[in-house]
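Structure data (mmCIF, C-alpha atoms and all ligand atoms) from query_14.cif:
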data_final
loop_
_atom_site.label_atom_id
_atom_site.label_comp_id
_atom_site.auth_asym_id
_atom_site.auth_seq_id
_atom_site.Cartn_x
_atom_site.Cartn_y
_atom_site.Cartn_z
CA MET A 969 3.68 -59.98 -243.45
CA THR A 970 3.13 -62.50 -240.68
CA VAL A 971 6.23 -64.22 -239.33
CA ASP A 972 5.43 -67.26 -237.24
CA ALA A 973 7.30 -66.27 -234.13
CA ASP A 974 4.90 -67.92 -231.73
CA TRP A 975 5.15 -65.00 -229.36
CA THR A 976 3.15 -65.24 -226.17
CA ILE A 977 1.64 -61.79 -225.73
CA VAL A 978 0.21 -61.21 -222.24
CA VAL A 979 -2.27 -58.37 -221.68
CA PRO A 980 -2.95 -57.36 -218.06
CA VAL A 981 -6.47 -55.90 -217.93
CA LYS A 982 -8.07 -54.26 -214.90
CA GLN A 983 -11.68 -54.10 -213.76
CA VAL A 984 -12.59 -50.58 -212.61
CA PRO A 985 -15.77 -48.79 -211.53
CA ASP A 986 -17.44 -47.02 -214.46
CA ALA A 987 -16.09 -43.45 -214.17
CA ASP A 988 -19.44 -42.02 -215.33
CA ASP A 989 -21.25 -43.47 -212.32
CA VAL A 990 -18.68 -43.42 -209.55
CA THR A 991 -19.32 -41.23 -206.48
CA ILE A 992 -17.14 -40.11 -203.59
CA ASP A 993 -18.06 -40.77 -199.95
CA PRO A 994 -18.14 -37.24 -198.46
CA GLU A 995 -17.22 -38.58 -194.98
CA THR A 996 -14.11 -40.58 -195.92
CA GLY A 997 -13.18 -39.00 -199.26
CA THR A 998 -12.80 -42.48 -200.80
CA LEU A 999 -14.44 -43.86 -203.95
CA ASN A 1000 -17.75 -45.68 -203.54
CA ARG A 1001 -16.56 -48.51 -205.80
CA SER A 1002 -19.56 -50.75 -205.17
CA ASP A 1003 -22.06 -48.08 -206.30
CA ALA A 1004 -20.84 -48.06 -209.90
CA PRO A 1005 -20.98 -50.90 -212.44
CA ALA A 1006 -17.59 -52.57 -213.00
CA VAL A 1007 -16.12 -52.30 -216.50
CA LEU A 1008 -12.87 -52.89 -218.37
CA ASN A 1009 -10.42 -50.04 -217.74
CA ALA A 1010 -10.73 -47.80 -220.84
CA PRO A 1011 -6.97 -47.62 -221.66
CA ASP A 1012 -6.87 -51.44 -221.59
CA TYR A 1013 -8.98 -51.52 -224.79
CA ASN A 1014 -5.98 -49.86 -226.46
CA ALA A 1015 -3.63 -52.43 -224.87
CA VAL A 1016 -5.78 -55.36 -226.09
CA GLU A 1017 -5.90 -53.83 -229.59
CA ALA A 1018 -2.10 -53.36 -229.62
CA ALA A 1019 -1.65 -56.99 -228.52
CA LEU A 1020 -4.03 -58.35 -231.18
CA SER A 1021 -2.30 -56.27 -233.83
CA LEU A 1022 1.10 -57.65 -232.71
CA ARG A 1023 -0.27 -61.19 -232.94
CA GLU A 1024 -1.47 -60.51 -236.49
CA ARG A 1025 2.00 -59.39 -237.52
CA ALA A 1026 4.24 -61.69 -235.45
CA GLY A 1027 2.13 -64.81 -234.90
CA GLY A 1028 1.55 -66.44 -231.54
CA GLU A 1029 -1.21 -66.00 -228.97
CA VAL A 1030 -2.70 -63.32 -226.75
CA VAL A 1031 -3.45 -64.18 -223.11
CA ALA A 1032 -5.39 -61.70 -220.94
CA VAL A 1033 -4.66 -61.66 -217.19
CA THR A 1034 -6.45 -59.85 -214.40
CA MET A 1035 -5.91 -59.73 -210.65
CA GLY A 1036 -9.07 -59.12 -208.70
CA PRO A 1037 -12.07 -60.69 -206.99
CA PRO A 1038 -13.88 -63.62 -208.69
CA PHE A 1039 -16.29 -61.29 -210.51
CA ALA A 1040 -13.31 -59.62 -212.27
CA ARG A 1041 -13.56 -62.52 -214.73
CA ALA A 1042 -16.03 -60.28 -216.60
CA VAL A 1043 -13.12 -58.22 -217.98
CA LEU A 1044 -11.44 -61.42 -219.16
CA GLU A 1045 -14.62 -62.30 -221.04
CA THR A 1046 -14.49 -58.85 -222.64
CA ALA A 1047 -10.86 -59.42 -223.70
CA VAL A 1048 -11.72 -62.87 -225.11
CA ALA A 1049 -14.72 -61.40 -226.95
CA LEU A 1050 -12.36 -58.83 -228.49
CA GLY A 1051 -10.06 -61.64 -229.70
CA ALA A 1052 -7.74 -62.81 -226.88
CA ASP A 1053 -7.02 -66.54 -227.21
CA ASP A 1054 -6.99 -67.34 -223.50
CA ALA A 1055 -7.21 -65.71 -220.07
CA VAL A 1056 -6.09 -66.18 -216.47
CA LEU A 1057 -7.80 -64.85 -213.34
CA LEU A 1058 -5.49 -64.20 -210.37
CA THR A 1059 -7.84 -64.36 -207.43
CA ASP A 1060 -7.20 -65.03 -203.75
CA ARG A 1061 -8.14 -63.39 -200.47
CA ALA A 1062 -4.38 -63.05 -199.89
CA PHE A 1063 -4.26 -60.38 -202.66
CA GLY A 1064 -6.76 -58.10 -200.79
CA GLY A 1065 -5.40 -54.65 -199.94
CA SER A 1066 -2.43 -54.96 -202.30
CA ASP A 1067 -0.98 -51.69 -203.56
CA THR A 1068 0.92 -51.35 -206.84
CA TRP A 1069 3.99 -53.25 -205.58
CA PRO A 1070 2.35 -56.65 -204.83
CA THR A 1071 -0.12 -56.13 -207.71
CA SER A 1072 2.74 -55.83 -210.17
CA LEU A 1073 4.53 -58.75 -208.47
CA ALA A 1074 1.51 -61.03 -209.03
CA LEU A 1075 1.20 -59.94 -212.67
CA ALA A 1076 4.97 -60.35 -213.16
CA ARG A 1077 4.90 -63.92 -211.78
CA ALA A 1078 1.91 -64.75 -213.99
CA ALA A 1079 3.67 -63.33 -217.09
CA ASP A 1080 6.75 -65.39 -216.24
CA GLU A 1081 4.64 -68.51 -215.67
CA LEU A 1082 3.03 -67.96 -219.10
CA ASP A 1083 6.50 -67.60 -220.63
CA ALA A 1084 5.59 -64.18 -222.03
CA ASP A 1085 7.63 -62.62 -224.80
CA VAL A 1086 5.72 -59.35 -224.64
CA VAL A 1087 3.45 -57.89 -221.93
CA VAL A 1088 1.19 -55.08 -223.17
CA CYS A 1089 -0.43 -52.97 -220.42
CA GLY A 1090 -2.68 -49.95 -220.61
CA GLU A 1091 -1.15 -46.58 -219.77
CA GLU A 1092 -2.91 -46.26 -216.42
CA SER A 1093 -6.11 -47.22 -214.64
CA THR A 1094 -9.03 -44.82 -214.43
CA ASP A 1095 -9.57 -45.47 -210.70
CA SER A 1096 -6.07 -45.34 -209.18
CA SER A 1097 -4.13 -43.89 -212.15
CA THR A 1098 -0.63 -44.41 -210.81
CA GLY A 1099 0.83 -45.84 -214.03
CA GLN A 1100 3.19 -47.81 -211.75
CA VAL A 1101 2.06 -51.32 -212.58
CA PRO A 1102 3.73 -51.76 -216.03
CA PRO A 1103 7.19 -50.58 -214.83
CA GLY A 1104 6.59 -52.66 -211.67
CA ILE A 1105 6.09 -55.83 -213.74
CA ALA A 1106 9.31 -55.09 -215.66
CA ALA A 1107 11.23 -54.41 -212.42
CA HIS A 1108 10.04 -57.58 -210.65
CA ASN A 1109 11.08 -59.76 -213.60
CA GLY A 1110 14.19 -57.80 -214.62
CA TRP A 1111 12.70 -57.29 -218.10
CA ALA A 1112 13.00 -54.31 -220.43
CA GLN A 1113 10.19 -51.75 -220.52
CA LEU A 1114 8.78 -49.47 -223.23
CA THR A 1115 6.50 -46.85 -221.68
CA TYR A 1116 4.34 -44.21 -223.46
CA ALA A 1117 4.37 -46.41 -226.57
CA GLU A 1118 2.25 -45.13 -229.48
CA GLU A 1119 3.21 -47.69 -232.13
CA LEU A 1120 4.76 -51.14 -231.95
CA GLU A 1121 6.78 -52.96 -234.58
CA PRO A 1122 7.62 -56.64 -233.95
CA ARG A 1123 11.04 -57.93 -234.98
CA PRO A 1124 10.71 -61.57 -233.94
CA ASP A 1125 13.72 -62.71 -235.99
CA ASP A 1126 15.89 -60.52 -233.77
CA ASP A 1127 13.87 -61.19 -230.57
CA GLU A 1128 13.14 -57.48 -230.46
CA LEU A 1129 10.17 -55.17 -230.17
CA VAL A 1130 10.43 -51.61 -231.47
CA ALA A 1131 8.25 -48.84 -230.06
CA VAL A 1132 7.62 -45.26 -231.09
CA ARG A 1133 7.55 -43.45 -227.74
CA ASP A 1134 6.00 -40.13 -226.89
CA VAL A 1135 8.72 -38.03 -225.23
CA GLU A 1136 8.79 -34.36 -224.32
CA GLY A 1137 9.16 -32.34 -227.49
CA GLY A 1138 8.76 -35.23 -229.92
CA HIS A 1139 9.02 -38.96 -230.44
CA GLU A 1140 11.75 -41.55 -230.17
CA ARG A 1141 12.08 -45.00 -231.68
CA VAL A 1142 13.46 -47.59 -229.30
CA ALA A 1143 14.22 -51.29 -229.74
CA ALA A 1144 14.08 -53.56 -226.70
CA GLU A 1145 14.98 -57.21 -226.37
CA THR A 1146 12.20 -59.60 -225.45
CA PRO A 1147 10.81 -60.33 -222.92
CA VAL A 1148 9.63 -56.75 -222.69
CA VAL A 1149 6.82 -54.87 -220.90
CA VAL A 1150 4.93 -52.16 -222.81
CA ALA A 1151 2.69 -49.40 -221.43
CA PHE A 1152 0.61 -48.42 -224.46
CA GLU A 1153 -0.66 -44.82 -224.65
CA TYR A 1154 -4.35 -44.23 -224.14
CA GLY A 1155 -6.25 -43.45 -227.34
CA GLU A 1156 -3.34 -44.17 -229.72
CA ASN A 1157 -5.12 -46.88 -231.70
CA GLU A 1158 -8.69 -47.70 -232.71
CA PRO A 1159 -9.90 -50.67 -230.62
CA ARG A 1160 -11.88 -53.16 -232.72
CA ALA A 1161 -15.44 -54.11 -231.81
CA ALA A 1162 -16.15 -57.61 -230.51
CA GLY A 1163 -17.81 -59.92 -233.07
CA LEU A 1164 -21.12 -61.52 -232.13
CA HIS A 1165 -19.88 -65.14 -232.28
CA ARG A 1166 -16.85 -64.30 -230.20
CA LYS A 1167 -19.06 -62.52 -227.65
CA ILE A 1168 -21.33 -65.55 -227.33
CA TYR A 1169 -18.31 -67.86 -226.97
CA ALA A 1170 -16.79 -65.61 -224.26
CA GLU A 1171 -20.00 -65.44 -222.27
CA THR A 1172 -21.23 -69.01 -222.59
CA GLU A 1173 -18.34 -71.41 -223.19
CA PHE A 1174 -15.10 -69.77 -222.19
CA GLU A 1175 -13.63 -70.53 -218.75
CA PRO A 1176 -10.49 -68.69 -217.62
CA GLU A 1177 -7.81 -70.49 -215.66
CA GLU A 1178 -7.69 -69.44 -211.99
CA TRP A 1179 -4.43 -69.04 -210.11
CA SER A 1180 -4.02 -68.29 -206.40
CA ALA A 1181 -1.16 -66.52 -204.63
CA GLU A 1182 0.08 -69.95 -203.57
CA ASP A 1183 0.06 -71.18 -207.19
CA LEU A 1184 2.38 -68.26 -207.97
CA GLY A 1185 4.51 -68.91 -204.86
CA ILE A 1186 3.92 -65.41 -203.47
CA SER A 1187 1.44 -65.91 -200.57
CA GLU A 1188 3.82 -64.22 -198.14
CA GLN A 1189 4.59 -61.27 -200.44
CA VAL A 1190 1.15 -59.84 -201.25
CA GLY A 1191 -1.77 -58.14 -199.49
CA LEU A 1192 -2.01 -55.10 -197.26
CA VAL A 1193 0.88 -56.07 -194.94
CA ASN A 1194 3.23 -56.25 -197.93
CA SER A 1195 2.08 -52.93 -199.42
CA PRO A 1196 4.55 -50.12 -198.74
CA THR A 1197 2.13 -47.30 -199.74
CA LYS A 1198 0.64 -45.45 -196.77
CA VAL A 1199 -2.36 -43.25 -197.53
CA GLY A 1200 -2.02 -40.28 -195.14
CA GLY A 1201 -5.49 -38.85 -195.78
CA MET A 1202 -7.83 -37.71 -198.50
CA ASP A 1203 -9.65 -34.45 -199.19
CA THR A 1204 -12.34 -33.60 -201.65
CA ALA A 1205 -12.02 -30.33 -203.55
CA ASP A 1206 -14.95 -27.90 -203.56
CA PRO A 1207 -16.54 -27.59 -206.99
CA VAL A 1208 -15.29 -24.57 -208.96
CA GLU A 1209 -17.96 -22.03 -209.99
CA ARG A 1210 -18.09 -22.06 -213.78
CA GLU A 1211 -19.80 -19.38 -215.81
CA GLN A 1212 -21.92 -20.68 -218.62
CA ALA A 1213 -23.26 -18.58 -221.48
CA VAL A 1214 -24.67 -19.34 -224.89
CA VAL A 1215 -23.41 -17.06 -227.66
CA ASP A 1216 -24.65 -16.76 -231.23
CA ASP A 1217 -21.38 -16.64 -233.14
CA VAL A 1218 -17.60 -16.29 -232.91
CA ASP A 1219 -17.73 -12.48 -232.74
CA ALA A 1220 -20.11 -12.63 -229.79
CA LEU A 1221 -17.80 -15.21 -228.15
CA SER A 1222 -14.81 -12.93 -228.65
CA ASP A 1223 -16.72 -9.96 -227.16
CA ARG A 1224 -17.74 -12.07 -224.17
CA ILE A 1225 -14.16 -13.26 -223.53
CA THR A 1226 -12.93 -9.65 -223.73
CA GLU A 1227 -15.60 -8.57 -221.22
CA VAL A 1228 -14.85 -11.40 -218.76
CA THR A 1229 -11.06 -10.98 -218.89
CA ALA A 1230 -11.44 -7.16 -218.50
CA ASP A 1231 -13.44 -7.80 -215.30
CA ASP A 1232 -10.58 -9.92 -213.80
C1 LIG B 1301 -2.81 -49.42 -199.28
C2 LIG B 1301 -3.58 -49.75 -200.51
C3 LIG B 1301 -4.55 -50.75 -200.47
C4 LIG B 1301 -5.28 -51.05 -201.62
N1 LIG B 1301 -6.22 -52.01 -201.55
C5 LIG B 1301 -6.94 -52.32 -202.64
C6 LIG B 1301 -7.94 -53.31 -202.59
O1 LIG B 1301 -8.18 -53.92 -201.55
N2 LIG B 1301 -8.65 -53.59 -203.75
C7 LIG B 1301 -8.38 -52.90 -204.92
O2 LIG B 1301 -9.04 -53.17 -205.94
N3 LIG B 1301 -7.44 -51.97 -204.99
C8 LIG B 1301 -6.71 -51.64 -203.88
N4 LIG B 1301 -5.77 -50.69 -203.95
C9 LIG B 1301 -5.52 -50.08 -205.24
C10 LIG B 1301 -4.48 -50.93 -205.96
O3 LIG B 1301 -3.24 -50.79 -205.36
C11 LIG B 1301 -4.32 -50.46 -207.39
O4 LIG B 1301 -5.56 -50.40 -208.00
C12 LIG B 1301 -3.45 -51.45 -208.17
O5 LIG B 1301 -2.20 -51.59 -207.54
C13 LIG B 1301 -3.21 -51.00 -209.57
O6 LIG B 1301 -2.65 -49.72 -209.59
P1 LIG B 1301 -3.22 -48.67 -210.58
O7 LIG B 1301 -4.70 -48.84 -210.62
O8 LIG B 1301 -2.67 -47.34 -210.25
O9 LIG B 1301 -2.64 -49.22 -211.97
P2 LIG B 1301 -1.86 -48.47 -213.13
O10 LIG B 1301 -0.41 -48.64 -212.92
O11 LIG B 1301 -2.37 -47.07 -213.31
O12 LIG B 1301 -2.36 -49.39 -214.32
C14 LIG B 1301 -1.62 -49.49 -215.55
C15 LIG B 1301 -1.98 -50.77 -216.24
O13 LIG B 1301 -1.55 -51.88 -215.46
C16 LIG B 1301 -2.48 -52.97 -215.63
N5 LIG B 1301 -3.10 -53.29 -214.33
C17 LIG B 1301 -3.19 -52.52 -213.22
N6 LIG B 1301 -3.83 -53.18 -212.24
C18 LIG B 1301 -4.16 -54.40 -212.74
C19 LIG B 1301 -4.83 -55.55 -212.23
N7 LIG B 1301 -5.32 -55.59 -210.97
N8 LIG B 1301 -4.99 -56.62 -213.04
C20 LIG B 1301 -4.52 -56.61 -214.31
N9 LIG B 1301 -3.89 -55.55 -214.85
C21 LIG B 1301 -3.70 -54.46 -214.08
C22 LIG B 1301 -3.50 -52.51 -216.67
O14 LIG B 1301 -3.03 -52.83 -217.95
C23 LIG B 1301 -3.46 -50.99 -216.49
O15 LIG B 1301 -3.92 -50.26 -217.63
C24 LIG B 1301 -5.03 -50.35 -202.83
C25 LIG B 1301 -4.06 -49.36 -202.86
C26 LIG B 1301 -3.35 -49.05 -201.71
C27 LIG B 1301 -2.35 -47.94 -201.77
#
As structure tokens, what does this structure read like?
Ligand SMILES: Cc1cc2nc3c(=O)[nH]c(=O)nc-3n(C[C@H](O)[C@H](O)[C@H](O)COP(=O)(O)OP(=O)(O)OC[C@H]3O[C@@H](n4cnc5c(N)ncnc54)[C@H](O)[C@@H]3O)c2cc1C
Amino acid sequence: MTVDADWTIVVPVKQVPDADDVTIDPETGTLNRSDAPAVLNAPDYNAVEAALSLRERAGGEVVAVTMGPPFARAVLETAVALGADDAVLLTDRAFGGSDTWPTSLALARAADELDADVVVCGEESTDSSTGQVPPGIAAHNGWAQLTYAEELEPRPDDDELVAVRDVEGGHERVAAETPVVVAFEYGENEPRAAGLHRKIYAETEFEPEEWSAEDLGISEQVGLVNSPTKVGGMDTADPVEREQAVVDDVDALSDRITEVTADD
């Protein structure tokens, strides 16, 4: 049943280097981001799907938001092709060097500006993987948060969102008042494919709105100087020697495991 709640559902989506092609600089130990093609962060497909599914059940609109350089608009086009109604690109030199604190501040201000009822994030990014941004958005705005969400049930009549959360040893069902920030678990739904017409619209006609740090009133609170994280150093691990063998059947596999573990 669709209740016309007119919820504004904001989906922060991140552009990341394609994990299949990314390499590590052996000198500095940092990622060679520019070597790999940039793609939509894989867990964010699950977040977009969760947001579209909420819209189908509660009514309203889905707005994708990304913070990044101008070419990050490509992930907004992906989100629009998948079904998002609108998108906003947060782009400004002032954002450069931001760690999770100013990143989540910018996304929080954007969600507030959009008058979000629900913010649905991915669980974590595939390049930095801190998982700090969704709770950061909630903290900056003083909103509720539902992390490790596997299922969402809208209750717009009560201004509530219910989530089934993955917790150690089982699941719990929690209701939170809107506005609320969700971190949706990776792989917990089946993201839909983008339709051809929608893809063409996203690539040829659609223009995202662009907001700067000044538009959000946070020019003095973002960037490297406002990032409390200090990276002390990075090391690369030596590859582990892995034995590979082809066996004919399960019995042969069992014999081989017995042999190898007896050697240890
Ligand atoms: C000192 C320092 C300097 C840095 N400088 C840069 C830099 O110059 N350029 C750079 O690209 N990175 C930089 N980073 C990395 C940057 O801080 C993180 O990529 C960013 O804060 C997001 O954190 P995360 O990837 O761990 O997100 P997570 O918390 O793992 O992501 C969870 C979810 O939050 C949402 N999300 C996260 N980031 C964004 C985003 N940007 N837009 C929309 N949604 C998002 C997505 O839904 C995502 O699935 C820097 C980090 C540090 C510590």
Using all atoms listed in the file, which residues of the polymer chains come no farther than 6 Å from ligand LIG 1301 (chain B)? I'd like the answer as a tab-separated table (two decimals) with C-alpha atoms, in the coordinates of the input.
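Generated output (out_9.tsv):
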chain	number	residue	atom	x	y	z
A	980	PRO	CA	-2.95	-57.36	-218.06
A	981	VAL	CA	-6.47	-55.90	-217.93
A	982	LYS	CA	-8.07	-54.26	-214.90
A	1011	PRO	CA	-6.97	-47.62	-221.66
A	1012	ASP	CA	-6.87	-51.44	-221.59
A	1033	VAL	CA	-4.66	-61.66	-217.19
A	1034	THR	CA	-6.45	-59.85	-214.40
A	1035	MET	CA	-5.91	-59.73	-210.65
A	1036	GLY	CA	-9.07	-59.12	-208.70
A	1064	GLY	CA	-6.76	-58.10	-200.79
A	1065	GLY	CA	-5.40	-54.65	-199.94
A	1066	SER	CA	-2.43	-54.96	-202.30
A	1067	ASP	CA	-0.98	-51.69	-203.56
A	1068	THR	CA	0.92	-51.35	-206.84
A	1071	THR	CA	-0.12	-56.13	-207.71
A	1089	CYS	CA	-0.43	-52.97	-220.42
A	1090	GLY	CA	-2.68	-49.95	-220.61
A	1091	GLU	CA	-1.15	-46.58	-219.77
A	1092	GLU	CA	-2.91	-46.26	-216.42
A	1093	SER	CA	-6.11	-47.22	-214.64
A	1095	ASP	CA	-9.57	-45.47	-210.70
A	1096	SER	CA	-6.07	-45.34	-209.18
A	1097	SER	CA	-4.13	-43.89	-212.15
A	1098	THR	CA	-0.63	-44.41	-210.81
A	1099	GLY	CA	0.83	-45.84	-214.03
A	1100	GLN	CA	3.19	-47.81	-211.75
A	1101	VAL	CA	2.06	-51.32	-212.58
A	1102	PRO	CA	3.73	-51.76	-216.03
A	1192	LEU	CA	-2.01	-55.10	-197.26
A	1197	THR	CA	2.13	-47.30	-199.74
A	1198	LYS	CA	0.64	-45.45	-196.77
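You can rank A:Asp1134, A:Val1218, A:Ala1230, A:Val1193 by their closest distance to A:Glu1156 using all atoms listed in the file, and at the top of that list sits A:Asp1134.
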Minimum-distance residue to A:Gly1110, chosen among A:Ala987, A:Val979, A:Leu1073, A:Ala1032 (using only C-alpha atoms)
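Looking at the shortest contact to A:Gly1110, the residue is A:Leu1073.
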Could you name the residues that touch stretch 1167-1177 of chain A at 7 Å or less, counting only C-alpha atoms, but leaving out those on the same chain fewer than 4 positions away, as a PyMOL selection string?
chain A and resi 1045+1048-1049+1054-1057+1162-1163
Atom CA of A:Tyr1013 to atom CA of A:Glu1118, distance in Å rounded to a single decimal:
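Straight-line distance from atom CA of A:Tyr1013 to atom CA of A:Glu1118 works out to 13.7 Å.
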Determine the nearest neighbour of A:Asn1009 from the options A:Asp1219, A:Asp1060, A:Asp986, A:Glu1153, counting only C-alpha atoms.
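Ranked by minimum distance to A:Asn1009, first place goes to A:Asp986.
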Gap from atom CA of A:Asp1206 to atom CA of A:Asn1000 - Å, one decimal
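We find that atom CA of A:Asp1206 and atom CA of A:Asn1000 lie 18.0 Å from each other.
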What does the distance from atom CA of A:Asp1083 to atom CA of A:Pro1122 come to in Å, to one decimal?
17.3 Å
Can you tell me, as a PyMOL selection string, what residues are no more than 9 Å from A:Asp1003 when counting all atoms listed in the file, ignoring any on the same chain fewer than 3 positions away?
chain A and resi 985+989-991+1000
Closest of A:Arg1077, A:Pro1207, A:Gln983, A:Leu1022 to A:Ala1040 - atom-to-atom distances counting only C-alpha atoms:
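The closest residue to A:Ala1040 is A:Gln983.
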Calculated over all atoms listed in the file, which of the candidates A:Ala1143, A:Ala1112, A:Ile992, A:Val978 has the smallest distance to A:Asp1126?
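Under the stated criterion, the closest residue is A:Ala1143.
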Distance criterion (all atoms listed in the file): nearest to A:Ile1105 out of A:Val1132, A:Val1148, A:Ala1117, A:Ala1019
A:Val1148
Close residues, A:Trp1111 itself excluded, 12 Å, all atoms listed in the file, min 4 positions apart in chain, as a list in words:
Ala1076, Ala1079, Asp1080, Ala1084, Asp1085, Val1086, Val1087, Pro1102, Pro1103, Gly1104, Ile1105, Ala1106, Ala1107, Ala1144, Glu1145, Thr1146, Pro1147, Val1148, Val1149 and Val1150 of chain A
